[in-house]
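Next comes data.txt, with compact mmCIF, C-alpha atoms.
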```
# COMPACT_ATOMS: atom_id res chain seq x y z
CA MET A 4 -9.34 -70.11 7.60
CA ALA A 5 -7.76 -67.43 9.68
CA PRO A 6 -4.04 -66.83 9.32
CA ALA A 7 -1.82 -68.53 11.87
CA SER A 8 -1.23 -66.26 14.80
CA ALA A 9 0.91 -65.97 17.87
CA SER A 10 -0.49 -64.88 21.18
CA PRO A 11 0.36 -61.32 22.12
CA PRO A 12 2.58 -60.77 25.12
CA PRO A 13 0.66 -60.23 28.35
CA CYS A 14 -0.56 -56.73 28.96
CA ASP A 15 1.15 -54.84 31.76
CA ARG A 16 -1.97 -54.18 33.79
CA SER A 17 0.00 -52.41 36.45
CA GLU A 18 0.08 -49.45 34.08
CA ILE A 19 -3.67 -49.03 34.22
CA GLY A 20 -4.54 -45.96 36.23
CA GLN A 21 -0.99 -44.93 37.00
CA ARG A 22 -1.36 -41.18 37.20
CA GLY A 23 2.22 -40.46 38.02
CA ARG A 24 3.69 -41.81 34.85
CA ARG A 25 1.26 -39.96 32.61
CA ASP A 26 1.76 -36.73 34.54
CA ALA A 27 5.50 -37.08 34.13
CA ASP A 28 5.06 -37.86 30.45
CA LYS A 29 2.93 -34.77 30.00
CA GLN A 30 5.48 -32.58 31.72
CA ASP A 31 8.20 -34.07 29.52
CA ARG A 32 6.12 -33.34 26.44
CA GLN A 33 5.51 -29.76 27.56
CA ASP A 34 9.25 -29.35 28.07
CA GLU A 35 9.88 -30.79 24.61
CA LYS A 36 7.32 -28.42 23.16
CA GLU A 37 9.03 -25.43 24.73
CA GLN A 38 12.33 -26.68 23.38
CA ASP A 39 10.77 -27.04 19.95
CA LYS A 40 9.47 -23.47 20.12
CA ARG A 41 12.89 -22.19 21.02
CA LYS A 42 14.43 -24.19 18.20
CA HIS A 43 11.98 -22.64 15.76
CA SER A 44 12.52 -19.11 16.99
CA GLU A 45 16.23 -19.62 16.68
CA GLY A 46 15.74 -20.80 13.11
CA LYS A 47 17.35 -24.16 13.83
CA HIS A 48 16.74 -27.22 11.75
CA GLU A 49 13.90 -29.21 13.36
CA THR A 50 13.57 -32.94 12.99
CA TYR A 51 11.29 -35.64 14.35
CA GLY A 52 12.13 -39.29 13.84
CA PRO A 53 12.78 -39.72 10.12
CA LEU A 54 11.12 -36.39 9.28
CA ASP A 55 12.34 -32.87 8.66
CA ILE A 56 9.90 -30.27 9.93
CA LYS A 57 9.33 -26.86 8.42
CA ARG A 58 7.02 -24.53 10.30
CA ASP A 59 5.26 -21.67 8.59
CA VAL A 60 2.50 -19.22 9.43
CA LYS A 61 -0.16 -18.50 6.85
CA ASP A 62 -1.20 -14.96 5.98
CA ASP A 63 -4.22 -15.22 8.27
CA GLY A 64 -2.12 -16.40 11.19
CA ARG A 65 -2.91 -20.11 10.99
CA ALA A 66 -0.07 -22.55 11.53
CA LEU A 67 1.24 -24.69 8.69
CA ILE A 68 3.71 -27.53 9.17
CA LEU A 69 5.44 -29.36 6.34
CA TYR A 70 6.87 -32.82 7.00
CA THR A 71 9.50 -34.24 4.67
CA ARG A 72 11.23 -37.58 4.88
CA ARG A 73 14.96 -37.25 5.18
CA GLU A 74 15.38 -40.31 2.97
CA ARG A 75 13.40 -39.28 -0.06
CA GLU A 76 11.14 -41.82 -1.77
CA ASP A 77 12.82 -41.24 -5.14
CA LYS A 78 16.21 -42.42 -3.87
CA VAL B 2 -15.97 -19.49 17.70
CA SER B 3 -17.65 -22.75 18.64
CA ASP B 4 -20.25 -23.05 21.34
CA GLN B 5 -20.40 -26.02 23.68
CA ARG B 6 -23.54 -27.12 25.49
CA PHE B 7 -24.17 -30.04 27.78
CA ASN B 8 -27.01 -32.32 26.75
CA GLU B 9 -28.41 -33.42 30.10
CA LEU B 10 -30.59 -36.21 28.75
CA ARG B 11 -27.66 -37.90 26.99
CA GLY B 12 -25.03 -36.78 29.48
CA GLU B 13 -22.77 -35.52 26.71
CA GLN B 14 -21.32 -32.36 25.25
CA VAL B 15 -22.66 -31.01 21.95
CA VAL B 16 -20.48 -28.59 19.98
CA TYR B 17 -21.96 -25.95 17.69
CA ALA B 18 -19.57 -24.66 15.03
CA ILE B 19 -21.98 -22.73 12.85
CA HIS B 20 -19.20 -21.17 10.76
CA ARG B 21 -18.59 -24.66 9.33
CA GLN B 22 -21.85 -24.36 7.40
CA SER B 23 -20.01 -22.33 4.75
CA ARG B 24 -17.00 -24.64 4.40
CA THR B 25 -15.71 -25.66 0.99
CA PHE B 26 -17.96 -28.37 -0.44
CA LEU B 27 -16.73 -30.86 -3.03
CA PRO B 28 -14.79 -28.43 -5.23
CA ALA B 29 -13.51 -29.40 -8.67
CA GLU B 30 -9.86 -30.45 -8.81
CA ASP B 31 -8.74 -27.08 -10.19
CA HIS B 32 -10.21 -25.41 -7.10
CA CYS B 33 -8.98 -27.94 -4.55
CA PRO B 34 -7.67 -26.10 -1.47
CA LEU B 35 -5.42 -29.04 -0.52
CA CYS B 36 -3.43 -29.15 -3.76
CA PRO B 37 -0.06 -27.38 -3.92
CA THR B 38 0.08 -23.79 -5.15
CA PRO B 39 1.72 -23.53 -8.61
CA ALA B 40 5.09 -21.80 -8.61
CA ASP B 41 5.25 -18.12 -9.51
CA PRO B 42 4.42 -16.70 -11.91
CA ARG B 43 1.05 -18.30 -11.35
CA PRO B 44 -1.34 -18.48 -14.29
CA SER B 45 -3.97 -15.77 -14.13
CA GLY B 46 -6.97 -16.74 -12.07
CA VAL B 47 -5.07 -19.42 -10.13
CA MET B 48 -5.38 -18.69 -6.44
CA GLU B 49 -3.08 -19.68 -3.63
CA THR B 50 -4.27 -22.85 -1.95
CA GLU B 51 -4.00 -23.76 1.74
CA ILE B 52 -0.44 -24.88 1.04
CA PRO B 53 1.50 -22.01 -0.62
CA PHE B 54 4.26 -24.21 -1.99
CA PRO B 55 4.61 -25.86 -5.41
CA ALA B 56 5.31 -29.28 -3.89
CA PHE B 57 5.18 -30.99 -0.50
CA GLU B 58 5.10 -34.43 1.07
CA ILE B 59 2.85 -34.15 4.14
CA ALA B 60 1.23 -30.89 5.27
CA VAL B 61 -0.65 -30.10 8.47
CA PHE B 62 -2.44 -26.82 9.06
CA ASP B 63 -5.07 -25.27 11.29
CA ASN B 64 -8.53 -25.93 9.86
CA LEU B 65 -10.04 -22.82 8.28
CA PHE B 66 -13.42 -23.96 9.60
CA PRO B 67 -12.50 -25.34 13.01
CA ALA B 68 -14.82 -27.23 15.31
CA PHE B 69 -12.31 -26.42 18.06
CA GLN B 70 -9.61 -23.81 18.35
CA ALA B 71 -7.28 -22.40 20.98
CA PRO B 72 -7.73 -21.70 23.79
CA ARG B 73 -10.37 -24.44 23.79
CA GLY B 74 -8.96 -27.22 21.68
CA ALA B 75 -7.65 -27.62 18.16
CA ALA B 76 -8.72 -28.70 14.68
CA GLU B 77 -6.09 -29.52 12.10
CA VAL B 78 -6.09 -30.85 8.55
CA VAL B 79 -3.51 -33.49 7.57
CA VAL B 80 -2.81 -33.66 3.83
CA TYR B 81 -1.25 -37.00 2.94
CA THR B 82 0.26 -36.02 -0.43
CA ASP B 83 0.40 -33.19 -2.94
CA SER B 84 -1.28 -35.44 -5.50
CA HIS B 85 -5.00 -34.83 -5.82
CA GLN B 86 -5.60 -38.43 -6.88
CA GLY B 87 -5.30 -41.62 -4.87
CA SER B 88 -6.05 -42.51 -1.29
CA PHE B 89 -4.40 -43.59 1.92
CA GLY B 90 -4.20 -47.12 0.52
CA THR B 91 -2.36 -46.04 -2.62
CA LEU B 92 0.31 -43.93 -0.91
CA ALA B 93 3.87 -45.14 -1.34
CA PRO B 94 4.68 -47.30 1.72
CA GLU B 95 7.41 -44.84 2.75
CA ARG B 96 4.86 -42.01 2.69
CA ALA B 97 2.39 -43.99 4.77
CA GLU B 98 5.12 -44.69 7.30
CA ALA B 99 6.05 -40.99 7.37
CA LEU B 100 2.41 -40.23 8.05
CA MET B 101 2.56 -42.36 11.21
CA TRP B 102 5.41 -40.14 12.42
CA ALA B 103 3.49 -36.98 11.54
CA TRP B 104 0.49 -38.31 13.48
CA ARG B 105 2.81 -39.10 16.39
CA HIS B 106 4.25 -35.59 16.32
CA ARG B 107 0.82 -33.98 16.31
CA TYR B 108 -0.36 -36.23 19.16
CA GLN B 109 2.69 -35.18 21.16
CA GLU B 110 2.36 -31.44 20.49
CA LEU B 111 -1.40 -31.17 20.84
CA GLY B 112 -1.46 -33.52 23.81
CA ALA B 113 1.02 -31.31 25.65
CA ARG B 114 -1.37 -28.37 25.47
CA ALA B 115 -3.27 -27.57 28.64
CA ASP B 116 -6.50 -26.99 26.67
CA VAL B 117 -6.43 -30.41 24.97
CA ARG B 118 -7.61 -33.46 26.89
CA TYR B 119 -8.05 -35.86 24.01
CA VAL B 120 -6.43 -36.04 20.58
CA LEU B 121 -8.50 -37.70 17.86
CA ILE B 122 -6.81 -38.51 14.56
CA PHE B 123 -9.31 -39.53 11.92
CA GLU B 124 -10.19 -39.70 8.24
CA ASN B 125 -13.60 -39.44 6.62
CA ARG B 126 -13.27 -41.07 3.22
CA GLY B 127 -16.05 -40.66 0.68
CA VAL B 128 -19.11 -38.49 0.38
CA GLU B 129 -21.10 -41.29 2.04
CA VAL B 130 -19.49 -40.36 5.38
CA GLY B 131 -19.48 -36.62 4.83
CA ALA B 132 -16.11 -35.94 3.21
CA THR B 133 -16.25 -32.54 1.53
CA LEU B 134 -12.85 -32.66 -0.18
CA HIS B 135 -11.63 -35.49 -2.43
CA HIS B 136 -7.91 -34.79 -2.00
CA PRO B 137 -6.36 -37.54 0.22
CA HIS B 138 -6.40 -36.13 3.72
CA GLY B 139 -7.41 -36.67 7.31
CA GLN B 140 -8.08 -34.49 10.31
CA ILE B 141 -7.10 -34.11 13.93
CA TYR B 142 -9.32 -32.76 16.68
CA GLY B 143 -7.96 -31.72 20.04
CA TYR B 144 -10.92 -31.91 22.40
CA PRO B 145 -10.99 -29.66 25.47
CA PHE B 146 -12.91 -32.43 27.25
CA LEU B 147 -12.86 -36.22 27.32
CA PRO B 148 -15.45 -37.38 24.74
CA PRO B 149 -17.90 -40.26 25.38
CA VAL B 150 -16.15 -42.97 23.34
CA PRO B 151 -12.78 -42.84 25.12
CA LYS B 152 -14.74 -42.66 28.37
CA LEU B 153 -16.47 -45.90 27.42
CA GLU B 154 -13.12 -47.48 26.60
CA LEU B 155 -11.79 -46.55 30.04
CA ALA B 156 -14.96 -48.03 31.55
CA ALA B 157 -14.30 -51.26 29.61
CA ASP B 158 -10.84 -51.42 31.20
CA VAL B 159 -12.51 -51.32 34.61
CA ARG B 160 -15.15 -53.90 33.60
CA LEU B 161 -12.54 -56.33 32.26
CA GLU B 162 -10.15 -55.60 35.13
CA GLY B 163 -7.29 -54.61 32.86
CA CYS B 164 -6.61 -53.32 29.40
CA ALA B 165 -9.75 -54.10 27.39
CA PRO B 166 -8.11 -54.04 23.92
CA CYS B 167 -5.42 -56.45 25.22
CA ALA B 168 -8.10 -58.83 26.52
CA LEU B 169 -10.20 -58.60 23.37
CA LEU B 170 -7.16 -59.14 21.15
CA ARG B 171 -6.36 -62.34 23.04
CA ARG B 172 -9.93 -63.56 22.52
CA GLU B 173 -9.85 -62.77 18.80
CA LEU B 174 -6.52 -64.54 18.31
CA GLU B 175 -7.73 -67.59 20.24
CA ASP B 176 -10.88 -67.77 18.12
CA GLY B 177 -9.21 -66.75 14.85
CA HIS B 178 -12.34 -66.70 12.68
CA ARG B 179 -12.58 -62.93 12.54
CA VAL B 180 -8.88 -62.12 12.04
CA VAL B 181 -8.37 -60.68 8.56
CA TYR B 182 -4.68 -59.76 8.60
CA GLU B 183 -1.73 -59.66 10.96
CA ASN B 184 1.94 -58.85 11.03
CA ASP B 185 4.54 -58.87 13.80
CA SER B 186 3.12 -55.75 15.48
CA VAL B 187 -0.53 -55.38 14.48
CA VAL B 188 -3.58 -57.66 14.27
CA ALA B 189 -6.63 -56.66 12.21
CA TYR B 190 -10.00 -58.26 12.82
CA ILE B 191 -13.73 -57.76 12.54
CA PRO B 192 -14.71 -57.59 16.21
CA TYR B 193 -16.97 -60.26 17.75
CA ALA B 194 -19.71 -57.67 18.28
CA ALA B 195 -19.04 -55.33 15.34
CA ARG B 196 -21.62 -52.61 14.91
CA TRP B 197 -20.93 -51.99 11.20
CA PRO B 198 -21.01 -54.76 8.56
CA TYR B 199 -17.32 -54.42 7.71
CA GLU B 200 -16.04 -52.69 10.84
CA ALA B 201 -12.37 -53.52 11.38
CA HIS B 202 -10.11 -52.99 14.37
CA LEU B 203 -6.33 -52.85 13.99
CA VAL B 204 -4.79 -53.47 17.41
CA MET B 205 -1.17 -53.24 18.48
CA ARG B 206 -0.01 -56.64 19.75
CA ARG B 207 1.92 -55.09 22.59
CA HIS B 208 0.39 -52.75 25.11
CA ARG B 209 1.12 -49.33 23.62
CA PRO B 210 -1.02 -46.53 25.08
CA SER B 211 -0.29 -44.22 22.17
CA LEU B 212 1.85 -43.64 19.10
CA LEU B 213 4.45 -42.12 21.44
CA ASP B 214 5.01 -45.55 23.00
CA CYS B 215 5.65 -47.31 19.69
CA GLU B 216 9.03 -48.28 18.36
CA ALA B 217 9.94 -47.27 14.80
CA ALA B 218 9.36 -50.80 13.49
CA GLU B 219 5.88 -50.84 15.03
CA LEU B 220 4.94 -47.59 13.29
CA CYS B 221 6.16 -49.07 10.01
CA LEU B 222 4.03 -52.19 10.51
CA LEU B 223 1.02 -50.15 11.58
CA ALA B 224 1.26 -48.23 8.29
CA GLU B 225 1.57 -51.51 6.40
CA CYS B 226 -1.49 -53.00 8.06
CA LEU B 227 -3.55 -49.85 7.50
CA GLN B 228 -2.71 -49.88 3.80
CA ILE B 229 -3.49 -53.59 3.47
CA ILE B 230 -6.90 -53.09 5.06
CA THR B 231 -7.80 -50.01 2.99
CA ARG B 232 -6.74 -51.73 -0.22
CA GLY B 233 -8.70 -54.80 0.83
CA TYR B 234 -11.75 -52.63 1.37
CA ASP B 235 -11.41 -51.19 -2.14
CA SER B 236 -11.13 -54.72 -3.50
CA LEU B 237 -14.14 -56.01 -1.57
CA PHE B 238 -16.77 -54.47 -3.84
CA ALA B 239 -14.36 -53.34 -6.60
CA ARG B 240 -15.05 -49.70 -5.85
CA PRO B 241 -13.60 -46.94 -3.65
CA PHE B 242 -14.74 -48.01 -0.20
CA PRO B 243 -16.01 -45.21 2.04
CA TYR B 244 -15.05 -45.34 5.67
CA VAL B 245 -14.48 -43.41 8.85
CA MET B 246 -11.05 -44.30 10.24
CA VAL B 247 -10.27 -43.33 13.83
CA VAL B 248 -7.05 -43.69 15.79
CA HIS B 249 -7.84 -44.54 19.42
CA GLN B 250 -5.15 -43.60 21.93
CA ALA B 251 -4.72 -42.70 25.57
CA PRO B 252 -6.34 -39.43 26.63
CA THR B 253 -3.84 -36.64 27.12
CA ASP B 254 -5.24 -35.57 30.45
CA GLY B 255 -2.13 -36.84 32.18
CA ARG B 256 -3.80 -39.62 34.14
CA SER B 257 -5.68 -42.01 31.83
CA GLN B 258 -4.45 -45.10 30.07
CA GLY B 259 -5.36 -46.51 26.69
CA HIS B 260 -4.26 -48.97 24.04
CA LEU B 261 -3.40 -47.72 20.58
CA HIS B 262 -5.71 -49.17 17.98
CA VAL B 263 -7.40 -48.00 14.80
CA GLU B 264 -11.08 -48.57 14.13
CA PHE B 265 -12.76 -48.43 10.73
CA TYR B 266 -16.49 -47.74 10.47
CA PRO B 267 -17.48 -48.35 6.83
CA PRO B 268 -21.11 -47.53 6.00
CA LEU B 269 -21.55 -50.02 3.11
CA ARG B 270 -23.40 -53.28 3.71
CA THR B 271 -23.30 -54.27 0.02
CA ALA B 272 -21.61 -52.76 -3.04
CA ASN B 273 -24.38 -50.20 -3.41
CA LYS B 274 -26.37 -50.23 -0.17
CA LEU B 275 -25.62 -48.18 2.91
CA LYS B 276 -26.13 -49.17 6.52
CA TYR B 277 -28.14 -46.32 8.01
CA LEU B 278 -28.33 -45.36 11.64
CA ALA B 279 -32.10 -45.56 11.95
CA GLY B 280 -34.68 -46.00 14.69
CA SER B 281 -33.02 -48.66 16.82
CA GLU B 282 -29.51 -47.30 16.41
CA GLN B 283 -30.41 -43.67 17.10
CA GLY B 284 -33.39 -44.08 19.37
CA ALA B 285 -32.26 -47.03 21.46
CA GLY B 286 -28.54 -47.07 20.86
CA THR B 287 -28.73 -50.69 19.66
CA PHE B 288 -27.21 -51.64 16.33
CA ILE B 289 -29.10 -54.17 14.22
CA GLY B 290 -26.69 -56.05 11.97
CA ASP B 291 -27.44 -57.44 8.51
CA THR B 292 -24.32 -59.61 8.36
CA LEU B 293 -22.42 -61.78 10.82
CA PRO B 294 -18.90 -60.60 11.65
CA GLU B 295 -17.51 -64.05 10.75
CA GLU B 296 -18.98 -63.83 7.23
CA SER B 297 -17.73 -60.27 6.80
CA ALA B 298 -14.27 -61.36 7.94
CA ARG B 299 -14.22 -64.21 5.42
CA ALA B 300 -15.16 -61.84 2.58
CA LEU B 301 -12.63 -59.23 3.65
CA ARG B 302 -9.87 -61.85 3.96
CA GLU B 303 -10.59 -62.94 0.40
CA ALA B 304 -10.53 -59.32 -0.76
CA ILE B 305 -7.21 -58.73 1.01
CA ALA B 306 -5.76 -61.85 -0.59
CA ARG B 307 -6.49 -60.31 -3.99
CA VAL B 308 -4.43 -57.18 -3.25
CA ALA B 309 -1.80 -58.21 -0.66
```

In C-alpha cells, how does this file's structure come out?
Amino acid sequence: MAPASASPPPCDRSEIGQRGRRDADKQDRQDEKEQDKRKHSEGKHETYGPLDIKRDVKDDGRALILYTRREREDK
Amino acid sequence: VSDQRFNELRGEQVVYAIHRQSRTFLPAEDHCPLCPTPADPRPSGVMETEIPFPAFEIAVFDNLFPAFQAPRGAAEVVVYTDSHQGSFGTLAPERAEALMWAWRHRYQELGARADVRYVLIFENRGVEVGATLHHPHGQIYGYPFLPPVPKLELAADVRLEGCAPCALLRRELEDGHRVVYENDSVVAYIPYAARWPYEAHLVMRRHRPSLLDCEAAELCLLAECLQIITRGYDSLFARPFPYVMVVHQAPTDGRSQGHLHVEFYPPLRTANKLKYLAGSEQGAGTFIGDTLPEESARALREAIARVA
C-alpha cells in the first residue's frame, strides 16, 4: 500500500514561458557572479548558504572550489 | 578541444571529446585522483591528487578530461567526501544537505555564463553505467546548447498545457500505487511509463524551476529523499546498486521554464541481470519492459522499509 499522501499545491502555470522573469534572473545571477569575482580578488571570505567557499587554481590553471559547512558535522 | 557535429538524421548534436579516451580508468585506491593529498612531507612515490589538501568536505574542480570547456561549456567533477569508501547514500545527512547547496551554487555560477545554456548535474554510479572512478563523486556538464531531453520536457509542458512534472505528480499521488517514498517537500515514485525496471523520479511538491528556487528546508528534504532512495536501491538486491542519477532543472537560457526533479536510471532488472538498450530501444526508440512499474514500486517500497 502506498504511503498516505497530500495533494501538492497547484502549479503556477502563469510562470510557463515567462521570458522576462528568467532574463531578469539571469542578469541578477551575472551580477552576483561579478560580485563573487570581486570578493575573491579582494581576498574576502566567501559564503553561500550554510557553506564557506574557498577558491583555488590548480597548477595547470584549472579551477578548484572547496565547500565547507560552517556548522561542522563533528559538533 | 571537443568537436560538435549535428546529426541530421536524428536531429541532435553529437560531441566528440577524443582526449577522454585516455582518462583514468578504475585506479586502485592508492592511486585514486579524488582522494585528498597527504600532508607534507609526503611519503616517497605519493603523488599529488586532484585535490592538493590533506582533508576536505566537498570539492569541485574542472574535469581534466572535459567533454565541454570554456568558451563552449563546462565540465566539472564534484567530490562528495574525502573518504574513498561509501556512496551518496552513506554520506552523513549534513554532508548530503551541504551537497545540495554546492549543486545550487554550481547551477547558479555556470548558468550565469553566456556559453552555458543547460546545466546537468549527474552521477554515474558503478562500472555497469560507465563509472571510471570508485571514489564517491558526481559530475556537472554545462552544455553550450539545449540538449534533447530538456527539449522534450519543454514539449511535454506544451502538450499538457502547463507544467508536466506538476501534472504527472498529481496523477501519481492520486493513484498512489507507484509512490515509494515522500516527505513534506519531495515525492518519489516509479513513473507510470518507466523505461527502466527500477527507474525512480523524485519530484518537488511545489513548482520549483531549479535549486535556486528552493527554500533551505526543501533542499534538506531533497537530500533526505535522495539518500532514502539510494539506500533503498542498495537494499533491494543486497548489493551496491548501479544507477545514473540526473538532476533535471530549468534551462539557463534565460527564457525556459522547468520543474526541479531528480531521475534515476538503474540498469539492473534483477540482482545480476542488466537491462540492455538493444534493437527496439536503440533502433526504434521504444523501451520494452520486463517488469511492471507497480511491481517494481512494491519491491522498492519494501526495500526502503528495511533501511528507512

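Interatomic distance, CA of Ile68 (chain A) against CA of Ile59 (chain B): 8.4 Å.
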
query = Skipping near chain neighbours, those fewer than 3 positions away, what residues fall within 9 Å of Lys61 (chain A) using all atoms listed in the file, listed as a list in words?
reply =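 Counting all atoms listed in the file, the residues come to Gly64, Arg65, Ala66 and Leu67 of chain A; Glu51, Ile52, Pro53 and Phe62 of chain B.
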
Take the residues from that selection and put them in a file with C-alpha atoms, as a compact mmCIF listing (two decimals), keeping the file's coordinate frame.
```txt
# COMPACT_ATOMS: atom_id res chain seq x y z
CA GLY A 64 -2.12 -16.40 11.19
CA ARG A 65 -2.91 -20.11 10.99
CA ALA A 66 -0.07 -22.55 11.53
CA LEU A 67 1.24 -24.69 8.69
CA GLU B 51 -4.00 -23.76 1.74
CA ILE B 52 -0.44 -24.88 1.04
CA PRO B 53 1.50 -22.01 -0.62
CA PHE B 62 -2.44 -26.82 9.06
```

Near Gln70 (chain B), within 10 Å and counting only C-alpha atoms, which residues show up once chain neighbours fewer than 2 positions away are dropped, as a PDB file with C-alpha atoms, in the frame of the given file?
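As written to disk, selection-v2.pdb reads:
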```pdb
ATOM      1  CA  VAL B   2     -15.970 -19.490  17.700  1.00  0.00           C
ATOM      2  CA  SER B   3     -17.650 -22.750  18.640  1.00  0.00           C
ATOM      3  CA  ASP B  63      -5.070 -25.270  11.290  1.00  0.00           C
ATOM      4  CA  ASN B  64      -8.530 -25.930   9.860  1.00  0.00           C
ATOM      5  CA  PHE B  66     -13.420 -23.960   9.600  1.00  0.00           C
ATOM      6  CA  PRO B  67     -12.500 -25.340  13.010  1.00  0.00           C
ATOM      7  CA  ALA B  68     -14.820 -27.230  15.310  1.00  0.00           C
ATOM      8  CA  PRO B  72      -7.730 -21.700  23.790  1.00  0.00           C
ATOM      9  CA  ARG B  73     -10.370 -24.440  23.790  1.00  0.00           C
ATOM     10  CA  GLY B  74      -8.960 -27.220  21.680  1.00  0.00           C
ATOM     11  CA  ALA B  75      -7.650 -27.620  18.160  1.00  0.00           C
ATOM     12  CA  ALA B  76      -8.720 -28.700  14.680  1.00  0.00           C
ATOM     13  CA  GLU B  77      -6.090 -29.520  12.100  1.00  0.00           C
ATOM     14  CA  ASP B 116      -6.500 -26.990  26.670  1.00  0.00           C
ATOM     15  CA  VAL B 117      -6.430 -30.410  24.970  1.00  0.00           C
ATOM     16  CA  TYR B 142      -9.320 -32.760  16.680  1.00  0.00           C
ATOM     17  CA  GLY B 143      -7.960 -31.720  20.040  1.00  0.00           C
ATOM     18  CA  TYR B 144     -10.920 -31.910  22.400  1.00  0.00           C
ATOM     19  CA  PRO B 145     -10.990 -29.660  25.470  1.00  0.00           C
TER      20      PRO B 145
END
```

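Near Pro37 (chain B), within a cut-off of 10 Å and counting all atoms listed in the file, sit the residues Glu49, Thr50, Glu51, Ile52, Pro53, Phe54, Pro55, Ala56, Phe57, Ala60, Thr82, Asp83, Ser84 and His85 of chain B, with same-chain residues fewer than 6 positions away left out.
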
Kindly assemble as JSON lines a list of the chain B residues that lie within 7 Å of chain A, each paired with its nearest atom pair and their distance in Å to one decimal, using all atoms listed in the file, sorted first by chain and then by ascending residue number.
```
{"residue": "B:Glu58", "atom": "CA", "partner": "A:Thr71", "partner_atom": "CA", "distance": 5.7}
{"residue": "B:Ile59", "atom": "CA", "partner": "A:Tyr70", "partner_atom": "CA", "distance": 5.1}
{"residue": "B:Ala60", "atom": "CA", "partner": "A:Leu69", "partner_atom": "CA", "distance": 4.6}
{"residue": "B:Val61", "atom": "CA", "partner": "A:Ile68", "partner_atom": "CA", "distance": 5.1}
{"residue": "B:Phe62", "atom": "CA", "partner": "A:Leu67", "partner_atom": "CA", "distance": 4.3}
{"residue": "B:Asp63", "atom": "CA", "partner": "A:Arg65", "partner_atom": "CA", "distance": 5.6}
{"residue": "B:Glu95", "atom": "CA", "partner": "A:Glu76", "partner_atom": "CA", "distance": 6.6}
{"residue": "B:Ala99", "atom": "CA", "partner": "A:Arg72", "partner_atom": "CA", "distance": 6.7}
{"residue": "B:Trp102", "atom": "CA", "partner": "A:Gly52", "partner_atom": "CA", "distance": 6.9}
{"residue": "B:Gln109", "atom": "CA", "partner": "A:Arg32", "partner_atom": "CA", "distance": 6.6}
{"residue": "B:Glu110", "atom": "CA", "partner": "A:Lys36", "partner_atom": "CA", "distance": 6.4}
{"residue": "B:Ala113", "atom": "CA", "partner": "A:Gln33", "partner_atom": "CA", "distance": 5.1}
{"residue": "B:Gly163", "atom": "CA", "partner": "A:Arg16", "partner_atom": "CA", "distance": 5.4}
{"residue": "B:Cys164", "atom": "CA", "partner": "A:Arg16", "partner_atom": "CA", "distance": 6.4}
{"residue": "B:Cys167", "atom": "CA", "partner": "A:Cys14", "partner_atom": "CA", "distance": 6.1}
{"residue": "B:Arg171", "atom": "CA", "partner": "A:Ser10", "partner_atom": "CA", "distance": 6.7}
{"residue": "B:Leu174", "atom": "CA", "partner": "A:Ser8", "partner_atom": "CA", "distance": 6.6}
{"residue": "B:Gly177", "atom": "CA", "partner": "A:Ala5", "partner_atom": "CA", "distance": 5.4}
{"residue": "B:His178", "atom": "CA", "partner": "A:Ala5", "partner_atom": "CA", "distance": 5.5}
{"residue": "B:Val180", "atom": "CA", "partner": "A:Ala5", "partner_atom": "CA", "distance": 5.9}
{"residue": "B:Val181", "atom": "CA", "partner": "A:Ala5", "partner_atom": "CA", "distance": 6.9}
{"residue": "B:Arg206", "atom": "CA", "partner": "A:Pro11", "partner_atom": "CA", "distance": 5.3}
{"residue": "B:Arg207", "atom": "CA", "partner": "A:Pro12", "partner_atom": "CA", "distance": 6.3}
{"residue": "B:His208", "atom": "CA", "partner": "A:Cys14", "partner_atom": "CA", "distance": 5.6}
{"residue": "B:Gly255", "atom": "CA", "partner": "A:Asp26", "partner_atom": "CA", "distance": 4.6}
{"residue": "B:Arg256", "atom": "CA", "partner": "A:Arg22", "partner_atom": "CA", "distance": 4.2}
{"residue": "B:Ser257", "atom": "CA", "partner": "A:Gly20", "partner_atom": "CA", "distance": 6.0}
{"residue": "B:Gln258", "atom": "CA", "partner": "A:Ile19", "partner_atom": "CA", "distance": 5.8}
```

note = In Å and to one decimal, CA of Val150 (chain B) is distant from CA of His249 (chain B) by 9.3 Å
